[in-house]
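S.K.: See my_file-v2.cif below, with mmCIF, C-alpha atoms.
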```cif
data_entry
loop_
_atom_site.label_atom_id
_atom_site.label_comp_id
_atom_site.auth_asym_id
_atom_site.auth_seq_id
_atom_site.Cartn_x
_atom_site.Cartn_y
_atom_site.Cartn_z
CA MET A 1 0.00 0.00 0.00
CA SER A 2 2.47 2.54 1.18
CA ALA A 3 5.16 0.92 -0.93
CA ILE A 4 5.39 2.20 -4.45
CA GLN A 5 7.23 -0.78 -5.78
CA GLN A 6 5.14 -3.77 -6.71
CA TYR A 7 6.23 -7.19 -5.65
CA TYR A 8 5.12 -10.47 -7.10
CA GLU A 9 2.28 -12.12 -5.26
CA LEU A 10 2.99 -15.56 -6.61
CA TYR A 11 4.87 -16.69 -3.50
CA ARG A 12 1.64 -16.48 -1.54
CA ARG A 13 1.02 -19.95 -2.93
CA SER A 14 4.10 -21.34 -1.20
CA THR A 15 3.82 -23.09 2.15
CA ILE A 16 4.90 -20.03 4.07
CA GLY A 17 2.42 -17.93 2.14
CA ILE A 18 -0.48 -20.33 2.49
CA THR A 19 0.08 -20.65 6.21
CA LEU A 20 0.11 -16.88 6.58
CA VAL A 21 -3.11 -16.51 4.60
CA GLU A 22 -4.75 -19.18 6.76
CA SER A 23 -3.58 -17.47 9.94
CA LEU A 24 -4.94 -14.14 8.75
CA ASP A 25 -8.22 -15.82 7.81
CA ASN A 26 -8.52 -17.17 11.33
CA LEU A 27 -7.93 -13.76 12.85
CA ILE A 28 -10.44 -12.11 10.53
CA THR A 29 -13.06 -14.74 11.24
CA GLU A 30 -12.58 -14.22 14.94
CA GLY A 31 -13.03 -10.49 14.39
CA LYS A 32 -9.58 -9.69 15.69
CA ILE A 33 -8.30 -7.87 12.61
CA GLU A 34 -9.84 -6.07 9.67
CA PRO A 35 -9.39 -7.44 6.15
CA GLN A 36 -7.58 -4.21 5.20
CA LEU A 37 -4.92 -4.92 7.78
CA ALA A 38 -4.59 -8.45 6.44
CA ILE A 39 -3.99 -7.07 2.96
CA MET A 40 -1.26 -4.82 4.26
CA ILE A 41 0.36 -7.78 5.97
CA LEU A 42 0.23 -9.79 2.75
CA ASN A 43 1.85 -6.93 0.86
CA SER A 44 4.56 -6.86 3.45
CA PHE A 45 4.97 -10.59 3.00
CA ASP A 46 5.35 -10.17 -0.78
CA LYS A 47 8.09 -7.64 -0.26
CA SER A 48 9.86 -9.74 2.34
CA ILE A 49 9.89 -13.02 0.45
CA ASN A 50 10.97 -11.38 -2.81
CA ASN A 51 13.84 -9.60 -1.12
CA ASN A 52 14.87 -12.57 0.99
CA LEU A 53 15.04 -14.87 -2.00
CA LYS A 54 17.15 -12.33 -3.78
CA GLU A 55 19.58 -11.93 -0.91
CA MET A 56 19.47 -15.49 0.26
CA ASN A 57 23.04 -16.66 -0.08
CA VAL A 58 24.92 -13.61 1.08
CA ASN A 59 25.09 -14.54 4.72
CA ASN A 60 27.28 -17.61 4.72
CA THR A 61 30.63 -17.23 6.38
CA ILE A 62 30.72 -20.27 8.63
CA GLY A 63 32.66 -23.48 8.31
CA LYS A 64 34.57 -24.89 5.42
CA GLN A 65 34.14 -22.70 2.46
CA THR A 66 33.80 -25.51 -0.01
CA ALA A 67 31.03 -27.45 1.59
CA SER A 68 28.82 -25.00 3.37
CA ALA A 69 29.25 -22.05 1.08
CA ASN A 70 28.04 -24.18 -1.76
CA ALA A 71 25.15 -25.45 0.28
CA ASN A 72 23.73 -21.98 0.37
CA ASN A 73 24.82 -21.28 -3.13
CA ASN A 74 22.57 -24.08 -4.11
CA LYS A 75 22.40 -24.64 -7.81
CA VAL A 76 19.36 -26.54 -8.87
CA THR A 77 18.90 -28.44 -12.08
CA ILE A 78 15.62 -29.66 -13.41
CA GLN A 79 15.20 -32.42 -15.96
CA GLY A 80 12.22 -34.22 -17.36
CA ASP A 81 9.71 -34.38 -20.16
CA LEU A 82 8.00 -31.13 -20.88
CA HIS A 83 4.37 -32.06 -20.96
CA THR A 84 2.70 -28.66 -21.23
CA TYR A 85 3.91 -25.13 -21.65
CA ARG A 86 1.96 -21.93 -21.50
CA PHE A 87 2.96 -18.32 -21.74
CA CYS A 88 0.32 -15.88 -20.72
CA ASP A 89 0.54 -12.36 -19.31
CA GLU A 90 4.29 -12.68 -18.99
CA VAL A 91 3.91 -15.79 -16.85
CA TRP A 92 5.31 -19.14 -17.87
CA THR A 93 3.60 -22.28 -16.68
CA LEU A 94 5.44 -25.50 -17.36
CA ILE A 95 4.32 -28.98 -16.50
CA ILE A 96 7.08 -31.52 -16.41
CA LYS A 97 6.56 -35.22 -16.22
CA ASN A 98 9.06 -37.76 -14.90
CA CYS A 99 10.93 -35.01 -13.29
CA LEU A 100 14.35 -35.20 -11.70
CA LEU A 101 15.45 -32.33 -9.53
CA LYS A 102 18.99 -32.05 -8.35
CA LEU A 103 19.91 -29.72 -5.52
CA GLU A 104 23.64 -29.30 -5.48
CA ASN A 105 25.08 -30.05 -2.03
CA GLY A 106 21.55 -30.12 -0.71
CA ASN A 107 22.20 -33.32 1.17
CA LEU A 108 25.03 -32.08 3.37
CA ARG A 109 24.30 -32.59 7.05
CA SER A 110 25.08 -29.97 9.61
CA GLU A 111 27.58 -32.09 11.47
CA GLU A 112 29.65 -32.90 8.47
CA ILE A 113 32.70 -30.77 8.23
CA THR A 114 34.08 -31.95 4.97
CA ALA A 115 32.38 -32.76 1.74
CA ASP A 116 34.37 -35.89 0.99
CA THR A 117 32.02 -38.47 2.44
CA THR A 118 30.79 -41.43 0.50
CA GLU A 119 27.29 -40.10 0.57
CA ASN A 120 26.18 -38.16 -2.44
CA PRO A 121 26.22 -34.51 -1.38
CA ASP A 122 23.58 -33.61 -3.92
CA LEU A 123 19.96 -34.02 -3.04
CA GLU A 124 18.05 -35.72 -5.82
CA LEU A 125 14.29 -35.62 -5.93
CA LYS A 126 12.02 -37.43 -8.30
CA CYS A 127 8.39 -36.98 -9.04
CA ASP A 128 5.87 -37.89 -11.71
CA LYS A 129 4.60 -34.40 -12.23
CA LEU A 130 6.00 -30.99 -11.44
CA ARG A 131 4.44 -27.66 -12.16
CA ILE A 132 6.60 -24.58 -12.58
CA VAL A 133 5.05 -21.14 -12.38
CA ALA A 134 7.47 -18.38 -13.28
CA CYS A 135 7.10 -14.62 -13.51
CA SER A 136 9.53 -12.50 -15.43
CA ALA A 137 12.72 -11.72 -13.54
CA LYS A 138 13.16 -8.51 -15.50
CA LYS A 139 9.91 -6.77 -14.84
CA GLN A 140 10.19 -6.57 -11.13
CA GLY A 141 12.45 -3.93 -9.69
CA GLU A 142 13.02 -2.10 -12.93
CA MET B 1 10.35 -44.40 -4.42
CA SER B 2 10.68 -40.76 -3.61
CA THR B 3 8.47 -41.16 -0.57
CA VAL B 4 11.02 -43.47 0.93
CA GLU B 5 13.82 -40.99 0.41
CA ASN B 6 11.62 -38.40 1.93
CA ASN B 7 10.97 -40.31 5.09
CA GLU B 8 14.63 -40.86 5.55
CA VAL B 9 15.06 -37.15 5.55
CA ILE B 10 12.36 -36.69 8.15
CA GLN B 11 13.69 -39.36 10.42
CA SER B 12 17.23 -38.20 10.29
CA ASN B 13 18.34 -36.12 13.22
CA LYS B 14 20.69 -34.20 11.05
CA VAL B 15 18.83 -31.86 8.82
CA PRO B 16 20.12 -31.73 5.25
CA ALA B 17 21.43 -28.44 3.98
CA ALA B 18 18.61 -27.89 1.53
CA SER B 19 16.08 -27.98 4.34
CA ARG B 20 18.19 -25.79 6.61
CA VAL B 21 18.37 -23.13 3.95
CA VAL B 22 14.64 -23.00 3.42
CA GLY B 23 13.99 -23.09 7.16
CA LYS B 24 16.24 -20.10 7.61
CA LEU B 25 14.51 -18.31 4.76
CA TYR B 26 11.10 -18.84 6.32
CA GLU B 27 12.32 -17.68 9.70
CA ASN B 28 13.79 -14.53 8.25
CA ILE B 29 10.55 -13.77 6.48
CA ILE B 30 8.46 -14.26 9.61
CA THR B 31 10.70 -12.00 11.66
CA GLN B 32 10.77 -9.35 8.99
CA VAL B 33 7.05 -9.34 8.25
CA LEU B 34 6.10 -9.18 11.92
CA GLU B 35 8.51 -6.31 12.42
CA ASP B 36 7.27 -4.47 9.33
CA VAL B 37 3.60 -4.71 10.17
CA LYS B 38 3.90 -3.55 13.77
CA PRO B 39 3.10 0.08 12.83
CA TYR B 40 0.08 -1.07 10.81
CA PHE B 41 -1.30 -2.75 13.90
CA GLU B 42 -0.90 0.49 15.79
CA GLU B 43 -2.57 2.47 13.02
CA HIS B 44 -5.52 0.11 13.04
CA GLY B 45 -5.73 0.18 16.82
CA VAL B 46 -5.05 -3.53 17.13
CA ASP B 47 -3.08 -4.55 20.19
CA GLU B 48 0.23 -6.31 20.17
CA GLU B 49 -1.28 -9.46 21.60
CA THR B 50 -2.97 -10.05 18.27
CA LEU B 51 0.34 -9.64 16.52
CA GLN B 52 1.81 -12.28 18.78
CA GLU B 53 -1.18 -14.46 18.09
CA LEU B 54 -0.54 -14.10 14.39
CA GLN B 55 3.03 -15.22 14.94
CA LYS B 56 1.91 -18.23 16.95
CA LEU B 57 -0.67 -19.24 14.38
CA TRP B 58 1.74 -18.83 11.52
CA GLU B 59 4.49 -20.80 13.21
CA SER B 60 2.27 -23.63 14.37
CA LYS B 61 0.73 -23.96 10.92
CA LEU B 62 4.19 -24.15 9.42
CA VAL B 63 5.27 -26.79 11.90
CA SER B 64 2.22 -28.91 11.20
CA ALA B 65 2.72 -28.55 7.46
CA ARG B 66 5.92 -30.53 8.07
CA THR B 67 7.56 -29.26 4.91
CA VAL B 68 10.67 -28.33 6.84
CA PRO B 69 12.01 -30.89 9.33
CA LYS B 70 12.70 -28.41 12.10
CA TYR B 71 12.64 -24.71 12.81
CA SER B 72 14.93 -22.92 15.18
CA TRP B 73 12.07 -21.64 17.29
CA GLN B 74 11.31 -25.23 18.17
CA ASP B 75 14.59 -25.14 20.03
CA ASP B 76 13.49 -22.14 21.95
CA GLU B 77 10.81 -24.11 23.68
CA ASP B 78 11.62 -26.04 26.79
CA TYR B 79 12.28 -29.17 24.84
CA GLU B 80 15.47 -30.67 23.69
CA TYR B 81 15.58 -31.56 20.05
CA GLU B 82 14.74 -35.22 20.41
CA GLU B 83 11.82 -34.56 22.67
CA ASN B 84 10.69 -32.13 20.09
CA GLU B 85 10.59 -34.81 17.49
CA GLU B 86 8.47 -36.87 19.81
CA VAL B 87 6.08 -34.03 20.38
CA GLU B 88 5.81 -33.50 16.70
CA ALA B 89 5.23 -37.14 16.04
CA THR B 90 2.57 -37.36 18.70
CA GLU B 91 0.87 -34.31 17.34
CA ASN B 92 1.00 -35.78 13.94
CA LYS B 93 -0.50 -39.02 15.06
CA ASN B 94 -3.31 -37.32 16.86
CA ILE B 95 -4.12 -35.21 13.90
CA LYS B 96 -4.15 -38.09 11.51
CA GLU B 97 -6.68 -39.84 13.68
CA GLU B 98 -9.02 -36.88 13.55
CA ASP B 99 -10.73 -35.14 10.71
CA PHE B 100 -8.58 -32.88 8.69
CA ASP B 101 -10.44 -29.66 9.25
CA THR B 102 -7.96 -26.85 9.60
CA GLU B 103 -9.68 -25.04 12.39
CA ASP B 104 -10.13 -28.16 14.41
CA GLU B 105 -6.60 -29.08 13.66
CA LEU B 106 -5.37 -25.78 14.95
CA LYS B 107 -7.37 -25.92 18.14
CA ARG B 108 -6.10 -29.41 18.58
CA LEU B 109 -2.55 -28.35 18.06
CA GLU B 110 -2.81 -25.65 20.64
CA LYS B 111 -4.47 -27.97 23.07
CA ILE B 112 -1.89 -30.63 22.46
CA LYS B 113 0.89 -28.15 22.93
CA LYS B 114 -0.47 -27.19 26.31
CA GLU B 115 -1.01 -30.78 27.23
CA GLN B 116 2.45 -31.66 26.13
CA LYS B 117 3.92 -29.01 28.34
CA GLU B 118 1.95 -30.28 31.28
CA LEU B 119 2.64 -33.89 30.51
CA LYS B 120 6.26 -33.37 29.72
CA GLN B 121 7.48 -35.29 32.70
CA THR B 122 5.14 -38.17 32.14
CA ALA B 123 6.17 -38.35 28.55
CA LEU B 124 9.77 -38.56 29.61
CA LEU B 125 9.04 -41.42 31.96
CA ASP B 126 7.11 -43.28 29.34
CA ASN B 127 9.97 -43.04 26.97
CA GLU B 128 9.65 -46.48 25.54
CA GLU B 129 6.07 -46.11 24.66
CA VAL B 130 6.61 -42.74 23.10
CA ASN B 131 9.39 -44.09 21.01
CA SER B 132 7.38 -46.98 19.74
CA ASP B 133 4.63 -44.56 18.82
CA LEU B 134 7.14 -42.55 16.92
CA ASP B 135 8.28 -45.49 14.91
CA ASP B 136 4.76 -46.53 14.14
CA SER B 137 3.73 -43.13 13.00
CA ASP B 138 6.72 -42.74 10.76
CA ASP B 139 6.34 -46.11 9.18
CA ASP B 140 2.63 -46.44 8.88
CA TYR B 141 0.85 -43.18 9.20
CA LEU B 142 3.09 -40.98 7.13
CA ASN B 143 2.90 -43.11 4.06
CA THR B 144 -0.83 -43.29 3.98
CA ASP B 145 -3.37 -41.31 2.08
CA ASP B 146 -2.83 -38.06 3.88
CA ASP B 147 0.30 -37.25 1.98
CA LEU B 148 -1.30 -38.14 -1.29
CA GLU B 149 -4.43 -36.25 -0.48
CA GLU B 150 -2.46 -33.17 0.38
CA ASN B 151 -0.57 -33.37 -2.85
CA GLY B 152 -3.73 -33.89 -4.81
CA GLU B 153 -5.53 -30.98 -3.28
CA GLU B 154 -2.77 -28.49 -3.60
CA ASN B 155 -1.67 -29.76 -6.93
CA GLY B 156 1.35 -31.29 -5.34
CA ASN B 157 4.74 -30.52 -6.66
CA ILE B 158 5.25 -26.96 -7.62
CA ILE B 159 8.02 -24.45 -8.15
CA LEU B 160 7.20 -20.78 -7.80
CA CYS B 161 9.94 -18.65 -9.27
CA GLN B 162 11.05 -16.06 -11.80
CA TYR B 163 12.45 -16.73 -15.23
CA GLU B 164 15.46 -15.07 -16.75
CA LYS B 165 15.48 -16.96 -19.99
CA VAL B 166 13.29 -19.48 -21.68
CA GLY B 167 14.58 -20.83 -24.95
CA ARG B 168 13.81 -23.55 -27.41
CA VAL B 169 15.58 -25.24 -30.26
CA LYS B 170 13.20 -27.56 -32.06
CA ASN B 171 11.68 -29.63 -29.28
CA LYS B 172 14.46 -29.02 -26.78
CA TRP B 173 13.61 -26.48 -24.14
CA LYS B 174 15.98 -24.76 -21.79
CA TRP B 175 15.26 -22.32 -19.08
CA VAL B 176 17.08 -20.25 -16.51
CA LEU B 177 15.16 -19.58 -13.35
CA LYS B 178 15.85 -17.68 -10.18
CA ASP B 179 14.48 -16.92 -6.72
CA GLY B 180 12.43 -20.06 -6.46
CA VAL B 181 10.49 -21.86 -3.78
CA ILE B 182 10.02 -25.57 -4.35
CA SER B 183 7.40 -27.82 -2.84
CA MET B 184 8.13 -31.36 -3.75
CA ASN B 185 7.06 -34.67 -2.25
CA GLY B 186 5.80 -32.87 0.83
CA LYS B 187 9.01 -30.97 1.49
CA ASP B 188 10.06 -27.43 0.73
CA TYR B 189 13.30 -26.18 -0.77
CA CYS B 190 14.41 -22.97 -2.32
CA PHE B 191 16.93 -21.80 -4.84
CA LYS B 192 18.71 -18.75 -6.03
CA LYS B 193 19.38 -20.08 -9.50
CA ALA B 194 18.10 -23.06 -11.37
CA THR B 195 18.50 -24.37 -14.86
CA GLY B 196 16.21 -26.75 -16.61
CA GLU B 197 16.24 -28.85 -19.71
CA SER B 198 13.58 -30.96 -21.24
CA ASP B 199 12.15 -32.31 -24.45
CA TRP B 200 8.65 -31.60 -25.48
#
```
Could I get this structure in the form of structure tokens?
M.R.:
Amino acid sequence: MSAIQQYYELYRRSTIGITLVESLDNLITEGKIEPQLAIMILNSFDKSINNNLKEMNVNNTIGKQTASANANNNKVTIQGDLHTYRFCDEVWTLIIKNCLLKLENGNLRSEEITADTTENPDLELKCDKLRIVACSAKKQGE
Amino acid sequence: MSTVENNEVIQSNKVPAASRVVGKLYENIITQVLEDVKPYFEEHGVDEETLQELQKLWESKLVSARTVPKYSWQDDEDYEYEENEEVEATENKNIKEEDFDTEDELKRLEKIKKEQKELKQTALLDNEEVNSDLDDSDDDYLNTDDDLEENGEENGNIILCQYEKVGRVKNKWKWVLKDGVISMNGKDYCFKKATGESDW
């Protein structure tokens, strides 16, 4: 409201967003807050999650540089069969079947100091169907 | 197959990096949002208690969503980590036995939390029983319909993010994504940068 810059609302569909919306719903239903206040809180959430995602990996200075720095610098690769693609209002929606997601160093445990264990440091996730919803990275903040 | 991998992650006492990162992200967001909206509460003449209630609701809903193995605020309670797991597992079990109405669930959670605090000592004495419950719930309850249902309702696996580039040569697609939040197989992750490749 007071902010001039617009932030994407798409992250409201994430777990942290959904749980906030539900919490606000509860408070509104109980008559503890006005819907207008809830909207302001959601706007604040949009701003916060957008900025936090952007600045996410700046804060790592602990431990071995190789292992833990990379863990926050997590590169993710997505593979699979593109089942559906849609481009509408600058938003891409992709549906990928037989999807393999690899999170680089995502599997490192906190107590491990070095990366040279036998365990695969990358976290690999598989699923039958994955939906990707993506807004333009350029529009926002320019 | 992925469900099995998933459960291993839950059961492990050591939280994998990918989950730590997203947990930290969520915590930062909660702190920041609550701080930012404080003046709005004042403007609207809503007392700070309600703000704290919002925080409690938000955090307990996140915990019961179980998409991150553990949050740091769970440490701040009286419990040690392992006890915490037990509490969580007990909560989980109780919930699964009841209907999955969110409001009921929430009331339940709060009630259980209070009960847990009161019963803490008893729970400690009954260690064996609690532990066997824990095993049961991990093995049997977690794998059942609830997970599937949840995925079905919320459309399951999703990545919310921003694209930098989307390109195609013939039927080969490539994309460069950033600032993403992933929900996959009942767990959350996030990324700064991601690349994708697939054939259409």
S.K.: Enumerate as a ChimeraX atom specification the residues belonging to chain B that approach chain A to within 6 Å, with all atoms listed in the file taken into account.
M.R.: /B:2,14-18,29,33,57-58,61,157-164,179,193-200
S.K.: Could you state the separation of CA of Gly186 in chain B and CA of Thr67 in chain B in Å, given to one decimal place?
M.R.: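 These two atoms are separated by 5.7 Å.
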S.K.: Have a look at CA of Phe41 in chain B and CA of Thr29 in chain A and let me know their distance in Å, one decimal.
M.R.: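 Calculated distance between CA of Phe41 in chain B and CA of Thr29 in chain A is 17.0 Å.
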S.K.: Between CA of Gly23 in chain B and CA of Tyr71 in chain B, what is the spacing in Å?
M.R.: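 Rounded to one decimal, the two atoms are 6.0 Å apart.
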S.K.: For the PyMOL selection byres ((chain B and resi 189) around 9), applied here, can you spell out every residue it catches as a PyMOL selection string?
M.R.: (chain A and resi 103) or (chain B and resi 18-23+67-68+180-184+187-188+190-191)
S.K.: Would you write out those residues with C-alpha atoms, as a compact mmCIF listing (two decimals), in the coordinates of the input?
M.R.:
```
# COMPACT_ATOMS: atom_id res chain seq x y z
CA LEU A 103 19.91 -29.72 -5.52
CA ALA B 18 18.61 -27.89 1.53
CA SER B 19 16.08 -27.98 4.34
CA ARG B 20 18.19 -25.79 6.61
CA VAL B 21 18.37 -23.13 3.95
CA VAL B 22 14.64 -23.00 3.42
CA GLY B 23 13.99 -23.09 7.16
CA THR B 67 7.56 -29.26 4.91
CA VAL B 68 10.67 -28.33 6.84
CA GLY B 180 12.43 -20.06 -6.46
CA VAL B 181 10.49 -21.86 -3.78
CA ILE B 182 10.02 -25.57 -4.35
CA SER B 183 7.40 -27.82 -2.84
CA MET B 184 8.13 -31.36 -3.75
CA LYS B 187 9.01 -30.97 1.49
CA ASP B 188 10.06 -27.43 0.73
CA CYS B 190 14.41 -22.97 -2.32
CA PHE B 191 16.93 -21.80 -4.84
```
S.K.: Under the rule that all atoms listed in the file are counted, which of B:Trp73, B:Lys172, B:Lys192, B:Gln55 is the nearest residue to Val37 in chain B?
M.R.: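 Of B:Trp73, B:Lys172, B:Lys192, B:Gln55, the one nearest Val37 in chain B, counting all atoms listed in the file, is B:Gln55.
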